[in-house]
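Enquirer: One structure follows; several queries about it will come next.
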Amino acid sequence: MNALKPIKQPSQIRTESPELQVLLLLEPDRFPRLGKELSARQIPSIRLSLTETKPIKHNTLLWQAVCQIKQYDWALFFGSEETETFFSMLACRKIDVRGLGHLKLAAASRGAEQSLVKRGLFPACAVGKEDKRFSERLLQAVCPKERLLIPYGRLADERCLQKLSAAGVAYDCVPLFQTVWSGERLPEIWKRVVIVTDNPVNLDRLAQEISAQQREHAVILCLSEAVQKKAKQMGLCAVLPGKYTCPAIIAAIMSIGGAADEKENHLSGRSGDGKSVRSDRSGEQRNSRK
């Protein structure tokens, strides 16, 4: 692991200020406009990349799966990043995609579907208009004894995997990326801070560098269900935005800021996009859609 490198505290951040401040623990390619959007709303923030996520160069598991591709009936892609990386890695190894011709394809997001379609590959099961029903449609499409290959990226969709396991569907998850520490260090944690992250690994660093008292004043804005699960296990206050988009994230941050003076709850009870949002110290939360 690289040696830890100290960072400079930006001048616009006033650590003694009681006002809400935001710590963005995101890699550079994740929501790149978020900092500017917060600044436009006069919400001070600092962005750090505690981790670096890169494709696995010598991916033994992937090559084993490709060499035994005939044992799979489906290939499931959660996002465009996984789809692009998977086919790029095949191209680098000069593997003819015609050898995958027997596979039925499933796209769990619009990005994954678009990445497949631009290659002339049309998924047998796609996300459609209602994202939450994708798992049910996939289970209806998969026949008994069929096996899925799931090349996953930064994070797999745990809810989808749980439903596949509960239904007795056989699948193999093959990681395409590895996450390593970047060497950056956390700044001083402020009195009132919203920590925005999409990687549960960042919470491990938080546990090492902030005190129990500081955790009491921090709210974790979780940009993945894996982060929410990790935050719950750590006893942190966790919030899941209505959608993983800049407007929804900013609305959630502003909602947290508006309720920061409440003693019992860090949220006002309703996010900026109109969805009811509730959170407790165990990290549990409900997002109810009307």
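Identifiers for the structure tokens are assigned positionally: chains receive A, B, ... in sequence, residues are indexed from 1 per chain, and ligands are indexed from 1 in the order shown.
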List the spatial neighbours of segment 119-129 of chain A as a PyMOL selection string - criterion: any atom at most 12 Å away, only C-alpha atoms, same-chain residues fewer than 5 positions off excluded.
Expert: chain A and resi 73-79+83-84+87-88+97-98+100-114+134-142
Enquirer: Would you save the residues of that selection, restricted to N, CA, C and O atoms, as a CSV table (one decimal), in the first residue's frame?
Expert:
chain,number,residue,atom,x,y,z
A,73,ASP,N,-25.4,-20.4,-19.6
A,73,ASP,CA,-26.5,-20.1,-20.5
A,73,ASP,C,-26.8,-18.6,-20.6
A,73,ASP,O,-27.4,-18.2,-21.6
A,74,TRP,N,-26.4,-17.9,-19.6
A,74,TRP,CA,-26.7,-16.4,-19.5
A,74,TRP,C,-25.5,-15.7,-19.1
A,74,TRP,O,-24.6,-16.2,-18.4
A,75,ALA,N,-25.4,-14.4,-19.6
A,75,ALA,CA,-24.4,-13.4,-19.1
A,75,ALA,C,-25.2,-12.2,-18.6
A,75,ALA,O,-26.0,-11.6,-19.4
A,76,LEU,N,-25.0,-11.9,-17.3
A,76,LEU,CA,-25.8,-10.7,-16.7
A,76,LEU,C,-24.8,-9.6,-16.5
A,76,LEU,O,-23.8,-9.7,-15.9
A,77,PHE,N,-25.2,-8.4,-17.0
A,77,PHE,CA,-24.4,-7.2,-16.8
A,77,PHE,C,-25.2,-6.1,-16.0
A,77,PHE,O,-26.3,-5.8,-16.4
A,78,PHE,N,-24.6,-5.6,-14.9
A,78,PHE,CA,-25.2,-4.7,-14.1
A,78,PHE,C,-25.1,-3.2,-14.6
A,78,PHE,O,-26.0,-2.4,-14.3
A,79,GLY,N,-24.1,-2.9,-15.3
A,79,GLY,CA,-23.9,-1.5,-15.8
A,79,GLY,C,-23.1,-1.4,-17.0
A,79,GLY,O,-22.5,-2.4,-17.5
A,83,THR,N,-20.0,-3.8,-18.8
A,83,THR,CA,-20.2,-4.3,-20.1
A,83,THR,C,-19.0,-3.9,-21.0
A,83,THR,O,-18.4,-4.7,-21.7
A,84,GLU,N,-18.6,-2.6,-20.9
A,84,GLU,CA,-17.5,-2.1,-21.8
A,84,GLU,C,-16.2,-2.8,-21.4
A,84,GLU,O,-15.4,-3.2,-22.2
A,87,PHE,N,-16.0,-6.6,-22.6
A,87,PHE,CA,-15.8,-6.8,-24.1
A,87,PHE,C,-14.4,-6.3,-24.5
A,87,PHE,O,-13.8,-6.8,-25.4
A,88,SER,N,-14.0,-5.2,-23.8
A,88,SER,CA,-12.6,-4.7,-24.1
A,88,SER,C,-11.5,-5.7,-23.7
A,88,SER,O,-10.5,-5.9,-24.4
A,97,VAL,N,-15.9,-13.0,-30.1
A,97,VAL,CA,-17.2,-12.9,-29.4
A,97,VAL,C,-18.2,-13.9,-30.0
A,97,VAL,O,-19.2,-14.2,-29.4
A,98,ARG,N,-17.9,-14.4,-31.2
A,98,ARG,CA,-18.9,-15.4,-31.8
A,98,ARG,C,-18.9,-16.7,-31.0
A,98,ARG,O,-19.9,-17.5,-31.0
A,100,LEU,N,-19.4,-16.7,-27.9
A,100,LEU,CA,-20.4,-16.4,-26.9
A,100,LEU,C,-21.8,-16.5,-27.4
A,100,LEU,O,-22.8,-16.1,-26.8
A,101,GLY,N,-21.9,-16.9,-28.7
A,101,GLY,CA,-23.2,-16.8,-29.4
A,101,GLY,C,-24.3,-17.6,-28.7
A,101,GLY,O,-25.5,-17.2,-28.9
A,102,HIS,N,-24.1,-18.6,-28.0
A,102,HIS,CA,-25.1,-19.4,-27.3
A,102,HIS,C,-25.7,-18.7,-26.1
A,102,HIS,O,-26.8,-19.1,-25.6
A,103,LEU,N,-25.0,-17.7,-25.6
A,103,LEU,CA,-25.4,-17.0,-24.4
A,103,LEU,C,-26.6,-16.1,-24.6
A,103,LEU,O,-26.6,-15.3,-25.6
A,104,LYS,N,-27.5,-16.2,-23.7
A,104,LYS,CA,-28.6,-15.2,-23.6
A,104,LYS,C,-28.1,-14.0,-22.7
A,104,LYS,O,-27.4,-14.3,-21.7
A,105,LEU,N,-28.4,-12.8,-23.0
A,105,LEU,CA,-27.8,-11.7,-22.3
A,105,LEU,C,-28.9,-11.0,-21.5
A,105,LEU,O,-30.1,-10.9,-21.9
A,106,ALA,N,-28.5,-10.5,-20.3
A,106,ALA,CA,-29.4,-9.8,-19.5
A,106,ALA,C,-28.7,-8.4,-19.1
A,106,ALA,O,-27.6,-8.4,-18.7
A,107,ALA,N,-29.5,-7.3,-19.2
A,107,ALA,CA,-29.0,-6.0,-18.8
A,107,ALA,C,-29.8,-5.5,-17.7
A,107,ALA,O,-31.0,-5.2,-17.8
A,108,ALA,N,-29.1,-5.2,-16.5
A,108,ALA,CA,-29.8,-4.8,-15.3
A,108,ALA,C,-29.9,-3.3,-15.2
A,108,ALA,O,-30.4,-2.7,-14.2
A,109,SER,N,-29.4,-2.6,-16.3
A,109,SER,CA,-29.5,-1.1,-16.3
A,109,SER,C,-29.6,-0.6,-17.7
A,109,SER,O,-29.2,-1.4,-18.7
A,110,ARG,N,-30.1,0.6,-17.9
A,110,ARG,CA,-30.1,1.1,-19.3
A,110,ARG,C,-28.7,1.3,-19.9
A,110,ARG,O,-28.6,1.1,-21.1
A,111,GLY,N,-27.8,1.6,-19.0
A,111,GLY,CA,-26.4,1.8,-19.5
A,111,GLY,C,-25.9,0.5,-20.1
A,111,GLY,O,-25.2,0.5,-21.1
A,112,ALA,N,-26.1,-0.6,-19.4
A,112,ALA,CA,-25.7,-1.9,-19.8
A,112,ALA,C,-26.4,-2.3,-21.1
A,112,ALA,O,-25.8,-2.8,-22.1
A,113,GLU,N,-27.7,-2.0,-21.2
A,113,GLU,CA,-28.4,-2.3,-22.4
A,113,GLU,C,-27.9,-1.5,-23.6
A,113,GLU,O,-27.7,-2.1,-24.7
A,114,GLN,N,-27.6,-0.3,-23.4
A,114,GLN,CA,-27.0,0.6,-24.5
A,114,GLN,C,-25.7,0.1,-25.0
A,114,GLN,O,-25.4,0.1,-26.2
A,134,PHE,N,-36.9,-5.8,-12.4
A,134,PHE,CA,-35.9,-6.5,-13.3
A,134,PHE,C,-35.7,-7.9,-12.8
A,134,PHE,O,-35.6,-8.9,-13.5
A,135,SER,N,-35.4,-8.0,-11.5
A,135,SER,CA,-35.1,-9.4,-10.9
A,135,SER,C,-36.2,-10.4,-11.1
A,135,SER,O,-35.9,-11.5,-11.4
A,136,GLU,N,-37.5,-9.9,-11.0
A,136,GLU,CA,-38.6,-10.8,-11.2
A,136,GLU,C,-38.6,-11.3,-12.6
A,136,GLU,O,-38.9,-12.4,-12.9
A,137,ARG,N,-38.4,-10.3,-13.6
A,137,ARG,CA,-38.4,-10.7,-15.0
A,137,ARG,C,-37.3,-11.7,-15.3
A,137,ARG,O,-37.5,-12.6,-16.1
A,138,LEU,N,-36.2,-11.4,-14.7
A,138,LEU,CA,-35.0,-12.3,-15.0
A,138,LEU,C,-35.3,-13.7,-14.5
A,138,LEU,O,-35.0,-14.7,-15.2
A,139,LEU,N,-35.9,-13.8,-13.3
A,139,LEU,CA,-36.2,-15.1,-12.7
A,139,LEU,C,-37.3,-15.9,-13.6
A,139,LEU,O,-37.2,-17.1,-13.7
A,140,GLN,N,-38.2,-15.1,-14.2
A,140,GLN,CA,-39.2,-15.7,-15.1
A,140,GLN,C,-38.5,-16.2,-16.4
A,140,GLN,O,-38.9,-17.2,-17.0
A,141,ALA,N,-37.5,-15.5,-16.8
A,141,ALA,CA,-36.8,-15.9,-18.1
A,141,ALA,C,-35.8,-17.0,-17.9
A,141,ALA,O,-35.6,-17.8,-18.9
A,142,VAL,N,-35.2,-17.1,-16.8
A,142,VAL,CA,-34.2,-18.2,-16.6
A,142,VAL,C,-34.9,-19.5,-16.3
A,142,VAL,O,-35.8,-19.6,-15.4
Enquirer: Give me, as CSV, each residue of segment 52-137 of chain A that comes within 7 Å of segment 162-177 of chain A, together with its shortest interatomic pair and the distance in Å at one decimal, counting only C-alpha atoms, with rows ordered by chain and rising residue number.
Expert:
residue,atom,partner,partner_atom,distance
A:Thr53,CA,A:Phe177,CA,6.3
A:Lys54,CA,A:Phe177,CA,5.3
A:Pro55,CA,A:Phe177,CA,4.2
A:Ile56,CA,A:Phe177,CA,5.1
A:Leu61,CA,A:Val174,CA,6.3
A:Leu62,CA,A:Val174,CA,6.1
Enquirer: Keeping only N, CA and C atoms, write the selected residues to a file as a compact mmCIF listing (two decimals), in the first residue's frame.
Expert:
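Full text of again16.txt as output:
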# COMPACT_ATOMS: atom_id res chain seq x y z
N THR A 53 -9.94 2.43 -8.30
CA THR A 53 -10.52 1.20 -8.83
C THR A 53 -10.07 1.03 -10.27
N LYS A 54 -9.41 -0.08 -10.54
CA LYS A 54 -8.84 -0.32 -11.86
C LYS A 54 -9.20 -1.73 -12.33
N PRO A 55 -9.28 -1.93 -13.66
CA PRO A 55 -9.51 -3.29 -14.16
C PRO A 55 -8.38 -4.23 -13.75
N ILE A 56 -8.73 -5.46 -13.45
CA ILE A 56 -7.73 -6.47 -13.10
C ILE A 56 -7.02 -6.90 -14.38
N LEU A 61 -9.72 -15.55 -13.08
CA LEU A 61 -11.09 -16.04 -12.96
C LEU A 61 -11.89 -15.78 -14.24
N LEU A 62 -11.69 -14.59 -14.83
CA LEU A 62 -12.41 -14.28 -16.06
C LEU A 62 -11.99 -15.19 -17.20
Enquirer: Have a look at A:Ala218, A:Val227, A:Ala212, A:Cys92 and name the one nearest to Thr197 of chain A; count only C-alpha atoms.
Expert: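 Ranked by minimum distance to Thr197 of chain A, first place goes to A:Val227.
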Enquirer: Using only C-alpha atoms, determine which residues lie at most 10 Å from segment 31-39 of chain A, disregarding the query and same-chain residues fewer than 3 positions distant; provide the list as an NGL selection string.
Expert: :A and (12 or 21-24 or 26-28 or 42-47 or 244-247 or 249-250 or 253-254)
Enquirer: Using the chain letters and numbers from this document, which residues of segment 25-209 of chain A does DSSP assign to alpha helix (DSSP H), as a PyMOL selection string?
Expert: chain A and resi 34-40+60-67+80-92+110-117+134-141+158-166+201-209
Enquirer: Would you mind telling me which residue in A:Cys237, A:Ala231, A:Leu90, A:Leu206 lies nearest to Leu50 of chain A when using only C-alpha atoms?
Expert: A:Leu206
Enquirer: Run DSSP on the backbone and grab whatever in segment 156-233 of chain A lands in strand (DSSP E or B); send it over as a PDB file with C-alpha atoms, in the first residue's frame.
Expert:
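And here's states.pdb as it stands now:
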ATOM      1  CA  ALA A 170     -26.834 -21.082 -10.173  1.00  0.00           C
ATOM      2  CA  TYR A 171     -24.450 -18.246 -11.000  1.00  0.00           C
ATOM      3  CA  ASP A 172     -20.771 -17.355 -10.895  1.00  0.00           C
ATOM      4  CA  CYS A 173     -19.661 -13.803 -10.106  1.00  0.00           C
ATOM      5  CA  VAL A 174     -16.390 -12.791 -11.741  1.00  0.00           C
ATOM      6  CA  PRO A 175     -14.790  -9.514 -10.566  1.00  0.00           C
ATOM      7  CA  PHE A 177     -11.979  -4.537 -11.026  1.00  0.00           C
ATOM      8  CA  GLN A 178      -9.800  -4.271  -7.957  1.00  0.00           C
ATOM      9  CA  THR A 179      -9.850  -1.446  -5.419  1.00  0.00           C
ATOM     10  CA  VAL A 180      -6.640  -0.212  -3.771  1.00  0.00           C
ATOM     11  CA  TRP A 181      -5.854   2.658  -1.388  1.00  0.00           C
ATOM     12  CA  GLU A 184      -4.772  10.155   0.473  1.00  0.00           C
ATOM     13  CA  VAL A 193     -20.597  16.667   8.146  1.00  0.00           C
ATOM     14  CA  VAL A 194     -22.308  14.653   5.421  1.00  0.00           C
ATOM     15  CA  ILE A 195     -19.981  11.973   4.045  1.00  0.00           C
ATOM     16  CA  VAL A 196     -20.924  10.980   0.501  1.00  0.00           C
ATOM     17  CA  THR A 197     -19.480   7.702  -0.792  1.00  0.00           C
ATOM     18  CA  ALA A 218     -21.685  12.396  10.752  1.00  0.00           C
ATOM     19  CA  VAL A 219     -24.320  11.253   8.290  1.00  0.00           C
ATOM     20  CA  ILE A 220     -23.307   8.785   5.576  1.00  0.00           C
ATOM     21  CA  LEU A 221     -25.025   9.508   2.259  1.00  0.00           C
ATOM     22  CA  CYS A 222     -24.842   6.056   0.682  1.00  0.00           C
TER      23      CYS A 222
END
Enquirer: Could you tell me how far atom CA of Ser255 of chain A lies from atom CA of Arg192 of chain A, in Å and to one decimal?
Expert: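 Distance between the two atoms: 13.6 Å.
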